[in-house]
$ cat model_16.txt   # compact mmCIF, C-alpha atoms and all ligand atoms
# COMPACT_ATOMS: atom_id res chain seq x y z
CA MET K 507 7.73 143.36 -13.08
CA PRO K 508 6.89 142.86 -9.39
CA ASP K 509 6.14 139.36 -8.21
CA PRO K 510 2.37 138.87 -7.77
CA GLY K 511 2.91 136.53 -4.81
CA GLN K 512 4.82 139.20 -2.97
CA SER K 513 2.15 141.74 -3.76
CA ARG K 514 -0.59 139.52 -2.43
CA ASN K 515 1.28 139.26 0.86
CA ARG K 516 1.82 142.98 1.08
CA ARG K 517 -0.77 144.75 3.17
CA THR K 518 -2.75 146.95 0.83
CA ALA K 519 -5.65 149.09 1.92
CA PHE K 520 -8.72 148.72 -0.23
CA GLN K 521 -10.45 151.97 -1.06
CA SER K 522 -13.22 152.73 -3.44
CA ALA K 523 -12.68 154.29 -6.83
CA ALA K 524 -15.68 156.49 -5.93
CA ASP K 525 -13.29 158.80 -4.05
CA LEU K 526 -11.56 159.60 -7.35
CA ILE K 527 -14.63 160.43 -9.41
CA PRO K 528 -15.52 164.13 -9.57
CA PRO K 529 -19.22 164.82 -10.09
CA GLY K 530 -19.95 165.82 -13.66
CA ALA K 531 -16.68 164.48 -15.08
CA SER K 532 -16.88 163.56 -18.75
CA LEU K 533 -16.08 160.11 -20.05
CA ASP K 534 -12.69 161.32 -21.29
CA GLU K 535 -11.94 162.88 -17.92
CA LEU K 536 -12.95 159.64 -16.18
CA ARG K 537 -10.66 157.65 -18.47
CA LYS K 538 -7.77 159.95 -17.63
CA ILE K 539 -8.37 159.78 -13.88
CA ALA K 540 -8.86 155.99 -13.97
CA SER K 541 -5.42 155.64 -15.55
CA GLY K 542 -3.95 156.53 -12.15
CA CYS K 543 -6.38 154.53 -9.99
CA LYS K 544 -4.82 152.64 -7.09
CA ALA K 545 -8.02 151.95 -5.16
CA CYS K 546 -7.31 148.21 -4.97
CA PRO K 547 -4.10 146.20 -5.30
CA LEU K 548 -4.66 145.11 -8.91
CA TRP K 549 -2.83 148.08 -10.43
CA ARG K 550 0.46 146.80 -8.98
CA ASN K 551 0.96 143.90 -11.38
CA ALA K 552 -0.85 145.24 -14.40
CA THR K 553 0.63 147.35 -17.17
CA GLN K 554 -2.14 149.92 -17.30
CA THR K 555 -5.79 150.65 -16.60
CA VAL K 556 -8.02 149.38 -19.40
CA PHE K 557 -11.02 151.69 -19.47
CA GLY K 558 -14.07 151.15 -21.67
CA GLU K 559 -14.23 152.42 -25.23
CA GLY K 560 -16.97 153.42 -27.59
CA PRO K 561 -19.17 156.39 -28.35
CA GLU K 562 -20.89 158.33 -25.58
CA ASN K 563 -24.23 157.95 -27.41
CA ALA K 564 -24.02 154.14 -27.69
CA THR K 565 -27.35 152.44 -27.07
CA THR K 566 -25.67 149.13 -26.21
CA MET K 567 -22.93 148.47 -23.69
CA PHE K 568 -21.05 145.18 -23.42
CA VAL K 569 -19.55 144.46 -19.99
CA GLY K 570 -16.96 141.74 -19.51
CA GLU K 571 -14.99 140.66 -16.46
CA GLN K 572 -11.53 142.22 -16.67
CA PRO K 573 -8.85 142.88 -19.28
CA GLY K 574 -6.80 139.87 -20.32
CA ASP K 575 -3.13 139.58 -21.19
CA GLN K 576 -3.39 141.25 -24.60
CA GLU K 577 -5.80 143.93 -23.38
CA ASP K 578 -3.39 144.76 -20.57
CA SER K 579 -0.58 145.29 -23.08
CA ALA K 580 -2.71 147.20 -25.59
CA GLY K 581 -4.68 149.27 -23.06
CA ARG K 582 -7.92 148.47 -24.90
CA PRO K 583 -10.78 146.14 -23.95
CA PHE K 584 -11.58 142.96 -25.91
CA VAL K 585 -8.66 142.94 -28.35
CA GLY K 586 -7.36 139.42 -27.54
CA PRO K 587 -8.83 136.03 -28.52
CA ALA K 588 -12.10 136.67 -26.64
CA GLY K 589 -12.37 140.04 -28.36
CA ARG K 590 -11.99 138.36 -31.75
CA ILE K 591 -14.95 136.09 -30.95
CA LEU K 592 -16.97 139.14 -29.93
CA ASP K 593 -15.91 140.98 -33.11
CA ASP K 594 -16.88 138.00 -35.28
CA ALA K 595 -20.27 137.77 -33.54
CA LEU K 596 -20.92 141.48 -34.12
CA GLN K 597 -19.81 141.21 -37.72
CA ASP K 598 -22.12 138.20 -38.31
CA LEU K 599 -24.99 140.29 -37.00
CA GLY K 600 -24.06 143.36 -39.02
CA ILE K 601 -23.27 145.39 -35.91
CA ASP K 602 -20.49 147.95 -36.14
CA ARG K 603 -18.29 147.56 -33.05
CA SER K 604 -17.43 151.24 -33.17
CA LYS K 605 -21.12 152.00 -32.46
CA VAL K 606 -21.28 150.02 -29.18
CA TYR K 607 -19.52 150.68 -25.88
CA VAL K 608 -17.30 147.88 -24.61
CA THR K 609 -15.94 147.74 -21.08
CA ASN K 610 -15.14 145.49 -18.12
CA THR K 611 -16.32 145.14 -14.54
CA VAL K 612 -12.73 145.48 -13.30
CA LYS K 613 -10.26 147.72 -15.10
CA HIS K 614 -6.92 146.08 -14.31
CA PHE K 615 -5.65 142.64 -15.37
CA LYS K 616 -5.37 140.21 -12.46
CA TRP K 617 -2.99 137.36 -13.13
CA VAL K 618 -0.59 134.82 -11.69
CA PRO K 619 2.59 133.56 -13.35
CA ALA K 620 2.42 130.19 -15.11
CA THR K 621 4.28 127.42 -13.31
CA THR K 622 6.55 127.12 -16.35
CA GLY K 623 7.40 129.79 -18.89
CA LYS K 624 6.55 133.44 -18.84
CA ARG K 625 2.82 133.26 -19.49
CA ARG K 626 0.50 135.32 -17.32
CA ILE K 627 -2.51 133.29 -16.25
CA HIS K 628 -5.82 135.06 -15.71
CA GLU K 629 -7.08 135.04 -12.13
CA LYS K 630 -10.68 135.89 -11.30
CA PRO K 631 -11.09 139.19 -9.43
CA ASN K 632 -12.45 138.79 -5.91
CA ALA K 633 -15.46 140.52 -4.37
CA ARG K 634 -13.40 143.31 -2.75
CA GLU K 635 -11.64 144.13 -6.00
CA ILE K 636 -14.94 144.13 -7.88
CA ALA K 637 -16.50 146.41 -5.25
CA ALA K 638 -13.52 148.79 -5.28
CA CYS K 639 -13.70 149.10 -9.08
CA ARG K 640 -17.49 149.25 -9.37
CA PRO K 641 -17.72 153.07 -9.31
CA TRP K 642 -15.87 153.21 -12.65
CA LEU K 643 -18.48 150.96 -14.25
CA ASP K 644 -21.31 152.88 -12.62
CA ALA K 645 -19.83 156.14 -13.90
CA GLU K 646 -19.55 154.73 -17.43
CA ILE K 647 -23.18 153.57 -17.31
CA GLU K 648 -24.26 156.95 -15.96
CA ARG K 649 -22.49 158.81 -18.80
CA ILE K 650 -23.54 156.44 -21.63
CA LYS K 651 -27.06 155.72 -20.39
CA PRO K 652 -27.30 152.55 -22.51
CA LYS K 653 -30.72 151.16 -23.39
CA LEU K 654 -29.23 147.69 -23.30
CA ILE K 655 -26.38 146.19 -21.30
CA ILE K 656 -25.09 142.80 -22.40
CA CYS K 657 -23.13 141.12 -19.61
CA LEU K 658 -20.44 138.79 -20.90
CA GLY K 659 -19.93 136.12 -18.24
CA ALA K 660 -20.81 135.59 -14.62
CA THR K 661 -18.62 138.31 -13.08
CA ALA K 662 -20.37 141.09 -15.02
CA ALA K 663 -23.81 139.49 -14.65
CA GLN K 664 -23.48 139.01 -10.90
CA ALA K 665 -22.05 142.50 -10.44
CA LEU K 666 -25.09 144.05 -12.14
CA LEU K 667 -27.84 141.51 -11.41
CA GLY K 668 -26.88 140.12 -8.01
CA LYS K 669 -24.66 137.33 -6.79
CA ASN K 670 -27.35 134.67 -7.18
CA PHE K 671 -27.64 135.28 -10.92
CA LYS K 672 -26.81 132.12 -12.87
CA VAL K 673 -25.70 132.70 -16.46
CA THR K 674 -26.18 129.01 -17.24
CA LYS K 675 -29.89 129.20 -16.32
CA GLN K 676 -30.78 132.79 -17.17
CA ARG K 677 -28.67 133.58 -20.24
CA GLY K 678 -30.39 135.41 -23.07
CA LYS K 679 -33.37 136.57 -20.99
CA PRO K 680 -33.95 140.34 -20.85
CA ILE K 681 -34.12 141.71 -17.33
CA LYS K 682 -35.57 145.13 -16.49
CA SER K 683 -33.40 147.09 -14.11
CA ASP K 684 -32.86 150.54 -12.64
CA ILE K 685 -29.35 150.33 -14.08
CA ALA K 686 -30.57 150.11 -17.68
CA PRO K 687 -33.95 149.45 -19.34
CA ASN K 688 -32.73 146.00 -20.35
CA ILE K 689 -29.89 143.83 -19.16
CA VAL K 690 -29.12 140.51 -20.86
CA ALA K 691 -26.40 138.09 -19.83
CA THR K 692 -24.57 135.54 -21.89
CA VAL K 693 -21.32 133.63 -21.53
CA HIS K 694 -17.91 135.28 -21.67
CA PRO K 695 -16.34 134.71 -25.10
CA SER K 696 -13.11 133.54 -23.41
CA SER K 697 -15.01 130.39 -22.38
CA LEU K 698 -15.70 129.62 -26.05
CA TYR K 699 -12.33 129.54 -27.78
CA LYS K 700 -11.05 127.16 -25.08
CA ILE K 701 -13.60 124.44 -25.95
CA PRO K 702 -11.40 121.72 -27.46
CA ASP K 703 -14.02 119.85 -29.50
CA PRO K 704 -14.62 121.80 -32.76
CA ASP K 705 -18.30 120.80 -33.01
CA GLU K 706 -19.01 121.77 -29.40
CA ARG K 707 -17.10 125.02 -29.86
CA HIS K 708 -19.03 125.83 -33.02
CA GLU K 709 -22.36 125.16 -31.28
CA ALA K 710 -21.38 127.24 -28.22
CA ILE K 711 -20.38 130.15 -30.46
CA ARG K 712 -23.67 129.80 -32.37
CA GLN K 713 -25.59 130.09 -29.06
CA PHE K 714 -23.48 133.10 -28.04
CA VAL K 715 -24.27 134.86 -31.32
CA ALA K 716 -27.97 133.94 -30.92
CA ASP K 717 -28.04 135.48 -27.41
CA ILE K 718 -26.57 138.74 -28.72
CA LYS K 719 -28.91 138.75 -31.74
CA LYS K 720 -31.96 138.33 -29.49
CA ALA K 721 -30.72 141.00 -27.10
CA MET K 722 -30.04 143.50 -29.89
CA ARG K 723 -33.65 143.25 -31.05
CA LEU K 724 -34.53 145.12 -27.83
CA VAL K 725 -32.84 148.26 -29.11
CA LYS K 726 -33.96 148.11 -32.74
S1 LIG X 1 -8.90 147.33 -10.60
FE1 LIG X 1 -10.22 149.14 -10.57
S2 LIG X 1 -10.25 149.83 -8.42
FE2 LIG X 1 -8.51 148.40 -8.66
S3 LIG X 1 -6.79 149.78 -9.10
FE3 LIG X 1 -7.65 149.10 -11.06
S4 LIG X 1 -9.07 150.70 -11.69
FE4 LIG X 1 -8.65 150.98 -9.50
$ encode --input "model_16.txt" --output "structure tokens" --more "lines below"
Ligand code: SF4
Amino acid sequence: MPDPGQSRNRRTAFQSAADLIPPGASLDELRKIASGCKACPLWRNATQTVFGEGPENATTMFVGEQPGDQEDSAGRPFVGPAGRILDDALQDLGIDRSKVYVTNTVKHFKWVPATTGKRRIHEKPNAREIAACRPWLDAEIERIKPKLIICLGATAAQALLGKNFKVTKQRGKPIKSDIAPNIVATVHPSSLYKIPDPDERHEAIRQFVADIKKAMRLVK
């Protein structure tokens, strides 16, 4: 595994994933092409591209930030601890996860090594990485044409709703957009399982589920 510090120092040209996307490509073709994407430096230290998954006729799309450690290993979005919170929320609401499309703003795991041990610590993608990867998300949205996009966390919300969007102030409120008829933002589930106090964690998860429940009414 290459050292992330070395990679950061290496001069790497940023491109845009847009150059890789053939017009009219299907979702499966996009997934295949994205598996070889090197448009920004994040591919270097990740195991694989983690493209979105779900049916092409999904009415709802969930967009997170980037794959985490377990997603990077599995090659699937939202399969780690944050994914389990999302799965539980969907189950509580009687929503079949296989009927929604789940993806991320950035398709490779960005991480730094822990100061001790072998753990890989999540690092937030920067604006250039988000911009380089954006065409993949746009292409997914274009193919799926969701009626509702639920942004999980600030990275997804600011990518789709502008950098001044504040999840803390505007969470749960439907926003009309050219991107999709409705966009709703809530917190990223990774922020929930890290809350140490059980009562606070329980309440934060309750609010997260309530945001999704309210949002899903828009497509019923
Ligand atoms: S993060 Fe996105 S743009 Fe960067 S290499 Fe991965 S797929 Fe390509």
$ closest_residue --input "model_16.txt" --among "K:Arg640, K:Lys630, K:Arg625, K:Arg590" --to "Ala540 of chain K" --atoms "only C-alpha atoms"
K:Arg640
$ residues_near_ligand --input "model_16.txt" --ligand "ligand LIG 1 (chain X)" --cutoff "9 Å" --atoms "only C-alpha atoms and all ligand atoms" --output "PyMOL selection string"
chain K and resi 520-524+540-550+552+554-557+572+611-616+631+635-642
$ write_last_selection --input "model_16.txt" --atoms "C-alpha atoms" --output "PDB file, keeping the file's coordinate frame"
ATOM      1  CA  PHE K 520      -8.720 148.720  -0.230  1.00  0.00           C
ATOM      2  CA  GLN K 521     -10.450 151.970  -1.060  1.00  0.00           C
ATOM      3  CA  SER K 522     -13.220 152.730  -3.440  1.00  0.00           C
ATOM      4  CA  ALA K 523     -12.680 154.290  -6.830  1.00  0.00           C
ATOM      5  CA  ALA K 524     -15.680 156.490  -5.930  1.00  0.00           C
ATOM      6  CA  ALA K 540      -8.860 155.990 -13.970  1.00  0.00           C
ATOM      7  CA  SER K 541      -5.420 155.640 -15.550  1.00  0.00           C
ATOM      8  CA  GLY K 542      -3.950 156.530 -12.150  1.00  0.00           C
ATOM      9  CA  CYS K 543      -6.380 154.530  -9.990  1.00  0.00           C
ATOM     10  CA  LYS K 544      -4.820 152.640  -7.090  1.00  0.00           C
ATOM     11  CA  ALA K 545      -8.020 151.950  -5.160  1.00  0.00           C
ATOM     12  CA  CYS K 546      -7.310 148.210  -4.970  1.00  0.00           C
ATOM     13  CA  PRO K 547      -4.100 146.200  -5.300  1.00  0.00           C
ATOM     14  CA  LEU K 548      -4.660 145.110  -8.910  1.00  0.00           C
ATOM     15  CA  TRP K 549      -2.830 148.080 -10.430  1.00  0.00           C
ATOM     16  CA  ARG K 550       0.460 146.800  -8.980  1.00  0.00           C
ATOM     17  CA  ALA K 552      -0.850 145.240 -14.400  1.00  0.00           C
ATOM     18  CA  GLN K 554      -2.140 149.920 -17.300  1.00  0.00           C
ATOM     19  CA  THR K 555      -5.790 150.650 -16.600  1.00  0.00           C
ATOM     20  CA  VAL K 556      -8.020 149.380 -19.400  1.00  0.00           C
ATOM     21  CA  PHE K 557     -11.020 151.690 -19.470  1.00  0.00           C
ATOM     22  CA  GLN K 572     -11.530 142.220 -16.670  1.00  0.00           C
ATOM     23  CA  THR K 611     -16.320 145.140 -14.540  1.00  0.00           C
ATOM     24  CA  VAL K 612     -12.730 145.480 -13.300  1.00  0.00           C
ATOM     25  CA  LYS K 613     -10.260 147.720 -15.100  1.00  0.00           C
ATOM     26  CA  HIS K 614      -6.920 146.080 -14.310  1.00  0.00           C
ATOM     27  CA  PHE K 615      -5.650 142.640 -15.370  1.00  0.00           C
ATOM     28  CA  LYS K 616      -5.370 140.210 -12.460  1.00  0.00           C
ATOM     29  CA  PRO K 631     -11.090 139.190  -9.430  1.00  0.00           C
ATOM     30  CA  GLU K 635     -11.640 144.130  -6.000  1.00  0.00           C
ATOM     31  CA  ILE K 636     -14.940 144.130  -7.880  1.00  0.00           C
ATOM     32  CA  ALA K 637     -16.500 146.410  -5.250  1.00  0.00           C
ATOM     33  CA  ALA K 638     -13.520 148.790  -5.280  1.00  0.00           C
ATOM     34  CA  CYS K 639     -13.700 149.100  -9.080  1.00  0.00           C
ATOM     35  CA  ARG K 640     -17.490 149.250  -9.370  1.00  0.00           C
ATOM     36  CA  PRO K 641     -17.720 153.070  -9.310  1.00  0.00           C
ATOM     37  CA  TRP K 642     -15.870 153.210 -12.650  1.00  0.00           C
TER      38      TRP K 642
END
$ atom_distance --input "model_16.txt" --atom1 "atom CA of Ser697 of chain K" --atom2 "atom CA of Ser604 of chain K"
23.6 Å
$ residues_around --input "model_16.txt" --residues "Pro652 of chain K" --least-positions-apart "2" --cutoff "9 Å" --atoms "all atoms listed in the file" --output "PyMOL selection string"
chain K and resi 563-567+607+647-650+654-655+685-688
$ closest_residue --input "model_16.txt" --among "K:Ala595, K:Ala665, K:Val673, K:Ala620" --to "Asn632 of chain K" --atoms "only C-alpha atoms"
K:Ala665
$ closest_residue --input "model_16.txt" --among "K:Ile591, K:Leu526, K:Ala531, K:Ile656" --to "Arg707 of chain K" --atoms "all atoms listed in the file"
K:Ile591
$ atom_distance --input "model_16.txt" --atom1 "atom CA of Asn670 of chain K" --atom2 "atom CA of Gln713 of chain K"
22.4 Å
$ atom_distance --input "model_16.txt" --atom1 "atom CA of Arg582 of chain K" --atom2 "atom CA of Val608 of chain K"
9.4 Å
$ closest_residue --input "model_16.txt" --among "K:Ile601, K:Leu643, K:Val606, K:Leu592" --to "Phe714 of chain K" --atoms "all atoms listed in the file"
K:Leu592
$ closest_residue --input "model_16.txt" --among "K:Gly600, K:Arg634, K:Gly570, K:Lys669" --to "Thr692 of chain K" --atoms "all atoms listed in the file"
K:Gly570
$ closest_residue --input "model_16.txt" --among "K:Val585, K:Val618, K:Cys657, K:Leu667" --to "Asp684 of chain K" --atoms "all atoms listed in the file"
K:Leu667
